[in-house]
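Report on one structure; see the data block that follows.
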Amino acid sequence: MKPFKKIQYKLASFRVSLFGTYSITSKSNLNVLVVDNEKINQLFLSEQLKKIGITPDIANHGAEALSMMADQKYDIIFMDLEMPVMDGFEATRKIKALYSDSPVIVGYSSLQSEYHHHLCIQEGMVHLLPKKATQEQIGVVLDKIYSMLSN
């Protein structure tokens, strides 16, 4: 591993440790998939979710996520918008077309404009979370999703 990547991983772990814990123990039975092509972002979001009590699966791009969905049912997908092979918008469209009981998809991106938020909603995502979202931000979104899934 390159020294710069090691530093990035250590920084991501450090950032996660700085945030307070947000417990959603009743939601730890949710099957969650994180789709992002950047390992550092996968690590950061995975660590945030683990501290909440959720251990997610990881996909590197939208096509891999679709492949994984053939074998596993997911309740929630955190979907990066910009990825090689298949971006988050195309992956979301395909998931919605292929699965009538499709998972709840949350956009996950550094693109945070009203335009991008509108695009996410238009494509069928329920929310757009920023990269490096806090546990509290993730927890609030998960609470809303959990209440949607429970009804």
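As shown in the structure tokens, the chain order sets the letters A, B, ...; within each chain, residues go from 1, and ligands are also counted from 1 in the order they appear.
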
I'd like a table as CSV: residues in region 87-145 of chain A with an atom no more than 6 Å from region 55-79 of chain A, each row giving the shortest atom pair and its distance in Å to one decimal, only C-alpha atoms counted, sorted by chain and rising residue number.
```
residue,atom,partner,partner_atom,distance
A:Asp87,CA,A:Gly62,CA,5.8
A:Gly88,CA,A:Met79,CA,5.7
A:Ala91,CA,A:Gly62,CA,4.9
A:Pro103,CA,A:Asp75,CA,4.7
A:Val104,CA,A:Ile76,CA,4.7
A:Ile105,CA,A:Ile77,CA,4.7
A:Val106,CA,A:Phe78,CA,4.8
A:Gly107,CA,A:Met79,CA,4.9
A:Tyr108,CA,A:Met79,CA,5.3
```

Every residue of region 65-130 of chain A that DSSP places in strand (DSSP E or B), as an mmCIF file with N, CA and C atoms, in the first residue's frame:
```cif
data_model
loop_
_atom_site.group_PDB
_atom_site.id
_atom_site.type_symbol
_atom_site.label_atom_id
_atom_site.label_comp_id
_atom_site.auth_asym_id
_atom_site.auth_seq_id
_atom_site.Cartn_x
_atom_site.Cartn_y
_atom_site.Cartn_z
ATOM 1 N N ILE A 76 -31.297 -1.140 2.219
ATOM 2 C CA ILE A 76 -30.822 0.219 1.948
ATOM 3 C C ILE A 76 -29.526 0.139 1.155
ATOM 4 N N ILE A 77 -29.405 1.042 0.185
ATOM 5 C CA ILE A 77 -28.158 1.180 -0.565
ATOM 6 C C ILE A 77 -27.709 2.632 -0.464
ATOM 7 N N PHE A 78 -26.449 2.827 -0.051
ATOM 8 C CA PHE A 78 -25.823 4.140 -0.111
ATOM 9 C C PHE A 78 -25.055 4.180 -1.416
ATOM 10 N N MET A 79 -25.504 5.020 -2.340
ATOM 11 C CA MET A 79 -25.025 5.006 -3.723
ATOM 12 C C MET A 79 -24.246 6.269 -4.071
ATOM 13 N N ASP A 80 -22.956 6.089 -4.365
ATOM 14 C CA ASP A 80 -22.158 7.200 -4.880
ATOM 15 C C ASP A 80 -22.734 7.585 -6.242
ATOM 16 N N VAL A 104 -34.341 0.855 -0.559
ATOM 17 C CA VAL A 104 -34.303 2.304 -0.445
ATOM 18 C C VAL A 104 -32.885 2.736 -0.817
ATOM 19 N N ILE A 105 -32.771 3.698 -1.721
ATOM 20 C CA ILE A 105 -31.464 4.139 -2.183
ATOM 21 C C ILE A 105 -31.218 5.571 -1.723
ATOM 22 N N VAL A 106 -30.064 5.755 -1.082
ATOM 23 C CA VAL A 106 -29.644 7.066 -0.598
ATOM 24 C C VAL A 106 -28.430 7.490 -1.417
ATOM 25 N N GLY A 107 -28.523 8.644 -2.069
ATOM 26 C CA GLY A 107 -27.371 9.170 -2.779
ATOM 27 C C GLY A 107 -26.290 9.539 -1.771
ATOM 28 N N TYR A 108 -25.043 9.333 -2.182
ATOM 29 C CA TYR A 108 -23.912 9.584 -1.289
ATOM 30 C C TYR A 108 -22.827 10.235 -2.135
ATOM 31 N N SER A 109 -22.641 11.547 -1.965
ATOM 32 C CA SER A 109 -21.763 12.247 -2.899
ATOM 33 C C SER A 109 -21.234 13.549 -2.318
ATOM 34 N N HIS A 127 -32.802 10.462 -0.649
ATOM 35 C CA HIS A 127 -32.053 11.516 0.021
ATOM 36 C C HIS A 127 -30.669 11.603 -0.606
ATOM 37 N N LEU A 128 -29.973 12.698 -0.361
ATOM 38 C CA LEU A 128 -28.590 12.854 -0.795
ATOM 39 C C LEU A 128 -27.750 13.226 0.419
ATOM 40 N N LEU A 129 -26.925 12.283 0.861
ATOM 41 C CA LEU A 129 -26.021 12.519 1.991
ATOM 42 C C LEU A 129 -24.665 12.982 1.482
ATOM 43 N N PRO A 130 -24.016 13.869 2.226
ATOM 44 C CA PRO A 130 -22.670 14.287 1.817
ATOM 45 C C PRO A 130 -21.643 13.221 2.154
#
```

Inset, instruction - Can you work out which one of A:Val32, A:Ile52, A:Leu81, A:Met86 has the shortest atom-to-atom distance to Lys131 (chain A), counting only C-alpha atoms? - result: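 Between A:Val32, A:Ile52, A:Leu81, A:Met86, the residue approaching Lys131 (chain A) most closely is A:Leu81.
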
Legend entry - alpha helix (DSSP H) per DSSP on the backbone: members of chain A, as a ChimeraX atom specification: /A:3-18,39-52,62-69,88-98,114-123,135-150
